[in-house]
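Everything on this sheet refers to the single structure shown next.
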Amino acid sequence: MLAAASARTRPEPPGGGPVLREAARGYWDRRGLHGTAGGIAAAPGAQPLLLALIGAHGGDVLMPRPCPATWMPQARLLGRPAYHVPTPAECGGVPDPYALLETVRRVRAEGGRPKLLLLCVVDDPTATVAPPELVREACEAAVGEGLHIISDETWRDTVHRPRDTVLLSPAEMCPDDVTVITDLAGALAPAAWPVAVARFPDTARAAVRHARTLDILTALGALVAGPIAHAAAHALGEPDSVRERIRRAAALQAEVAAAAHRAVLGSGALARPPQAGRHLYADLGPLRSRLADLGVTDSMELEEYLTDRLGAPTPGGHRFGDELGALRVRLGTGPLLGATPQQQTESLTAAKPLELPHVAQALDGFAAVFGALR
């Protein structure tokens, strides 16, 4: 796909060209979020796009705890005060509505101006899907307090069991008050092909913010490369080959994540059942005494300990906004599927991937690391 567009040496215009924006419009239209191509903006990855979106809005920023590792640094880079809001016990990504209202009240009492709420219905880092009733209550609380919502839906196409999972976008609840962003690296494109798209509400106020976003992307030089835009438009069109790969990848991740989850629980640690994505979020608090004997007393030390023993990056919870003293960590499931492209392809196409020698060996090693903590 990239080779076919290699002659396109010029980048896309700020926000993406008409073909890419129309493909993104169609992608969201198939998910019940209707709009026009003029309400779309594209950028070379989620980070510059979110940076531009935050910059296009005034006021303070609220986000759930934990949240994606890049959110807080981006708000700080722009000099925006940012605040974490606790999430409920059943999921991450969406703040507890009562905690949200209390945080808004406290920030205003301290002289702040809360104006923007970031959330993930299909969450990174917790790999959970927020229940529709929680999404509704949180969105109603946010809009009622005058907050605009940015809904990061990067992982919505990675839900492990889509037929058994009800997924509600905040833009379905509050269409005039929600901007949706999707990083194609979640399910549609390789991470090495950076492109993300945003869908703005169809309102006059959103049109102004769209224009501001394009201005910021222009100032940053954040333009999508021509060949990448061609590949992204193809993926957003969701031909049968893309749909089938997404389906296979989600089914594969469901199996390997469930196996990793069992190993984590078997050690005595805690973790919500993973419902989407390529990771799970574990709380090793119940193992604190054993970890202390090994010299691990906080999430930075836990990150170093597990990264060394698992042989793969294992970011601690402090990177996602959790307290340093909380022994939480995000565990990636991708490394369990093979160390080479050939092994990863074999895992994707196998009828029983957990029985493949390289997957079984990786899972045994993963379980052994956690078993040693019992």
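Order determines the names: the first chain of the structure tokens is A, the second B, and so forth; residues in each chain are numbered 1 upward, and ligands are numbered 1 upward as they are shown.
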For this session: Can you pull out every residue within 9 Å of Gly17 of chain A, counting only C-alpha atoms, but drop anything in the same chain fewer than 5 positions away, and send it as number ranges by chain?
Result: A: 12, 22, 42, 229
For this session: Skip Arg65 of chain A itself and residues of its chain fewer than 4 positions away, then list as a count of residues only all residues within 6 Å of it, counting only C-alpha atoms.
Result: 4
For this session: For segment 232-249 of chain A, work out the shell of residues within 7 Å, counting only C-alpha atoms and skipping chain neighbours fewer than 5 positions away, then give it as a ChimeraX atom specification.
Result: /A:19-20,23-24,27,187-188,348
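With only C-alpha atoms taken into account, the protein and nucleic acid residues at most 10 Å from His57 of chain A (excluding it and anything under 2 positions from it in its own chain) are Ala52, Leu53, Ile54, Gly55, Gly59, Asp60, Val61, Lys115, Leu116, His148, Arg209, Arg212 and Thr213 of chain A.
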For this session: Please provide as a PyMOL selection string all residues within 12 Å of Thr158 of chain A, with the sequence filter that same-chain residues fewer than 6 positions apart are discarded (counting only C-alpha atoms).
Result: chain A and resi 122-124+127-129+165+167+184-188+243+245-254+274-279
For this session: Within 7 Å of Ala326 of chain A, counting only C-alpha atoms, which residues show up once you throw out same-chain ones fewer than 4 positions away? Write them as a ChimeraX atom specification, please.
Result: /A:285,298-299,322
Problem set entry | For Asp364 of chain A, the nearest of the candidates A:Met173, A:Gln344, A:Ala263, A:Thr203, counting only C-alpha atoms |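 Going through A:Met173, A:Gln344, A:Ala263, A:Thr203 one by one, the smallest distance to Asp364 of chain A is for A:Ala263.
For the atom pair formed by atom CA of Arg163 of chain A and atom CA of Ala89 of chain A, the distance is 23.5 Å, given to one decimal.
With only C-alpha atoms as the atoms that count, the residue of A:Gly32, A:Pro48, A:Pro273, A:Gly144 with the shortest distance to Gly221 of chain A is A:Pro48.
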Problem set entry | Nearest residue to Ile40 of chain A from the set A:Ala138, A:Leu214, A:Leu220, A:Val197 (distances using only C-alpha atoms) |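 The closest residue to Ile40 of chain A is A:Val197.
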For this session: Taking the chain letters and numbering used in this document, name the residues of segment 69-109 of chain A that DSSP puts in strand (DSSP E or B), as a PyMOL selection string.
Result: chain A and resi 82-86
Residues as selected, all heavy atoms, written as a PDB file, in the first residue's frame, can you do that?
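Contents of result01.pdb, as written:
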```pdb
ATOM      1  N   ALA A  82      -3.972  20.650  35.164  1.00  0.00           N
ATOM      2  CA  ALA A  82      -4.640  19.378  34.873  1.00  0.00           C
ATOM      3  C   ALA A  82      -4.849  18.611  36.169  1.00  0.00           C
ATOM      4  O   ALA A  82      -3.997  18.635  37.062  1.00  0.00           O
ATOM      5  CB  ALA A  82      -3.821  18.554  33.880  1.00  0.00           C
ATOM      6  N   TYR A  83      -5.966  17.906  36.242  1.00  0.00           N
ATOM      7  CA  TYR A  83      -6.362  17.237  37.474  1.00  0.00           C
ATOM      8  C   TYR A  83      -6.852  15.831  37.161  1.00  0.00           C
ATOM      9  O   TYR A  83      -7.587  15.611  36.192  1.00  0.00           O
ATOM     10  CB  TYR A  83      -7.484  18.020  38.172  1.00  0.00           C
ATOM     11  CG  TYR A  83      -7.126  19.453  38.456  1.00  0.00           C
ATOM     12  CD1 TYR A  83      -7.379  20.449  37.506  1.00  0.00           C
ATOM     13  CD2 TYR A  83      -6.528  19.826  39.654  1.00  0.00           C
ATOM     14  CE1 TYR A  83      -7.046  21.772  37.752  1.00  0.00           C
ATOM     15  CE2 TYR A  83      -6.185  21.149  39.910  1.00  0.00           C
ATOM     16  CZ  TYR A  83      -6.447  22.118  38.952  1.00  0.00           C
ATOM     17  OH  TYR A  83      -6.116  23.430  39.200  1.00  0.00           O
ATOM     18  N   HIS A  84      -6.447  14.893  38.000  1.00  0.00           N
ATOM     19  CA  HIS A  84      -6.934  13.526  37.890  1.00  0.00           C
ATOM     20  C   HIS A  84      -8.235  13.367  38.672  1.00  0.00           C
ATOM     21  O   HIS A  84      -8.414  13.976  39.734  1.00  0.00           O
ATOM     22  CB  HIS A  84      -5.909  12.533  38.431  1.00  0.00           C
ATOM     23  CG  HIS A  84      -4.766  12.281  37.493  1.00  0.00           C
ATOM     24  ND1 HIS A  84      -4.924  11.662  36.272  1.00  0.00           N
ATOM     25  CD2 HIS A  84      -3.446  12.573  37.605  1.00  0.00           C
ATOM     26  CE1 HIS A  84      -3.756  11.567  35.673  1.00  0.00           C
ATOM     27  NE2 HIS A  84      -2.842  12.115  36.447  1.00  0.00           N
ATOM     28  N   VAL A  85      -9.130  12.537  38.145  1.00  0.00           N
ATOM     29  CA  VAL A  85     -10.395  12.220  38.805  1.00  0.00           C
ATOM     30  C   VAL A  85     -10.458  10.703  38.993  1.00  0.00           C
ATOM     31  O   VAL A  85     -10.201   9.956  38.042  1.00  0.00           O
ATOM     32  CB  VAL A  85     -11.596  12.689  37.966  1.00  0.00           C
ATOM     33  CG1 VAL A  85     -12.898  12.443  38.721  1.00  0.00           C
ATOM     34  CG2 VAL A  85     -11.458  14.168  37.603  1.00  0.00           C
ATOM     35  N   PRO A  86     -10.784  10.206  40.175  1.00  0.00           N
ATOM     36  CA  PRO A  86     -10.850   8.757  40.389  1.00  0.00           C
ATOM     37  C   PRO A  86     -11.879   8.083  39.476  1.00  0.00           C
ATOM     38  O   PRO A  86     -12.883   8.680  39.104  1.00  0.00           O
ATOM     39  CB  PRO A  86     -11.259   8.638  41.866  1.00  0.00           C
ATOM     40  CG  PRO A  86     -10.876   9.932  42.484  1.00  0.00           C
ATOM     41  CD  PRO A  86     -11.050  10.968  41.413  1.00  0.00           C
TER      42      PRO A  86
END
```
Exercise. Running DSSP on the backbone, which parts of segment 280-352 of chain A land in alpha helix (DSSP H), as a PyMOL selection string?
Worked result: chain A and resi 288-293+299-310+341-349
Mind dumping the selected residues with N, CA and C atoms as a CSV table (one decimal), in the first residue's frame?
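The new file out.csv reads:
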```
chain,number,residue,atom,x,y,z
A,288,ARG,N,2.8,-7.0,48.5
A,288,ARG,CA,3.7,-5.9,48.9
A,288,ARG,C,4.8,-6.5,49.8
A,289,SER,N,4.5,-7.4,50.7
A,289,SER,CA,5.5,-7.9,51.7
A,289,SER,C,6.5,-8.7,50.9
A,290,ARG,N,6.1,-9.6,50.0
A,290,ARG,CA,7.1,-10.4,49.3
A,290,ARG,C,7.9,-9.5,48.4
A,291,LEU,N,7.3,-8.5,47.8
A,291,LEU,CA,8.1,-7.6,46.9
A,291,LEU,C,9.1,-6.7,47.7
A,292,ALA,N,8.7,-6.3,48.9
A,292,ALA,CA,9.6,-5.6,49.7
A,292,ALA,C,10.8,-6.4,50.1
A,293,ASP,N,10.7,-7.7,50.3
A,293,ASP,CA,11.8,-8.6,50.5
A,293,ASP,C,12.8,-8.6,49.3
A,299,SER,N,6.1,1.8,42.4
A,299,SER,CA,5.8,1.4,41.1
A,299,SER,C,7.0,1.6,40.1
A,300,MET,N,7.9,2.5,40.5
A,300,MET,CA,9.2,2.6,39.7
A,300,MET,C,10.0,1.4,39.8
A,301,GLU,N,10.2,0.9,41.0
A,301,GLU,CA,11.0,-0.3,41.3
A,301,GLU,C,10.3,-1.5,40.7
A,302,LEU,N,9.0,-1.5,40.8
A,302,LEU,CA,8.2,-2.6,40.2
A,302,LEU,C,8.4,-2.7,38.7
A,303,GLU,N,8.4,-1.5,38.1
A,303,GLU,CA,8.6,-1.4,36.6
A,303,GLU,C,9.9,-2.0,36.3
A,304,GLU,N,11.0,-1.6,37.0
A,304,GLU,CA,12.3,-2.1,36.7
A,304,GLU,C,12.4,-3.6,37.0
A,305,TYR,N,11.8,-4.1,38.0
A,305,TYR,CA,11.9,-5.5,38.4
A,305,TYR,C,11.2,-6.4,37.3
A,306,LEU,N,10.0,-6.0,36.9
A,306,LEU,CA,9.3,-6.8,36.0
A,306,LEU,C,9.8,-6.7,34.5
A,307,THR,N,10.2,-5.5,34.2
A,307,THR,CA,10.8,-5.3,32.8
A,307,THR,C,12.0,-6.2,32.7
A,308,ASP,N,12.8,-6.3,33.7
A,308,ASP,CA,14.0,-7.1,33.7
A,308,ASP,C,13.7,-8.6,33.6
A,309,ARG,N,12.7,-9.1,34.3
A,309,ARG,CA,12.4,-10.5,34.3
A,309,ARG,C,11.5,-10.9,33.2
A,310,LEU,N,10.6,-10.0,32.7
A,310,LEU,CA,9.7,-10.4,31.6
A,310,LEU,C,10.4,-10.2,30.2
A,341,PRO,N,8.3,-11.4,13.2
A,341,PRO,CA,7.1,-11.3,12.4
A,341,PRO,C,6.5,-12.6,12.0
A,342,GLN,N,7.3,-13.6,11.7
A,342,GLN,CA,6.8,-14.9,11.3
A,342,GLN,C,6.0,-15.5,12.4
A,343,GLN,N,6.6,-15.5,13.6
A,343,GLN,CA,5.8,-16.1,14.8
A,343,GLN,C,4.5,-15.3,15.1
A,344,GLN,N,4.6,-14.0,14.9
A,344,GLN,CA,3.4,-13.2,15.2
A,344,GLN,C,2.3,-13.5,14.2
A,345,THR,N,2.7,-13.7,12.9
A,345,THR,CA,1.7,-14.1,11.9
A,345,THR,C,1.2,-15.4,12.1
A,346,GLU,N,2.0,-16.4,12.5
A,346,GLU,CA,1.6,-17.7,12.8
A,346,GLU,C,0.5,-17.7,14.0
A,347,SER,N,0.8,-16.9,15.0
A,347,SER,CA,-0.2,-16.8,16.1
A,347,SER,C,-1.5,-16.2,15.6
A,348,LEU,N,-1.4,-15.2,14.7
A,348,LEU,CA,-2.7,-14.6,14.2
A,348,LEU,C,-3.5,-15.6,13.4
A,349,THR,N,-2.9,-16.5,12.7
A,349,THR,CA,-3.7,-17.4,11.8
A,349,THR,C,-4.0,-18.7,12.4
```
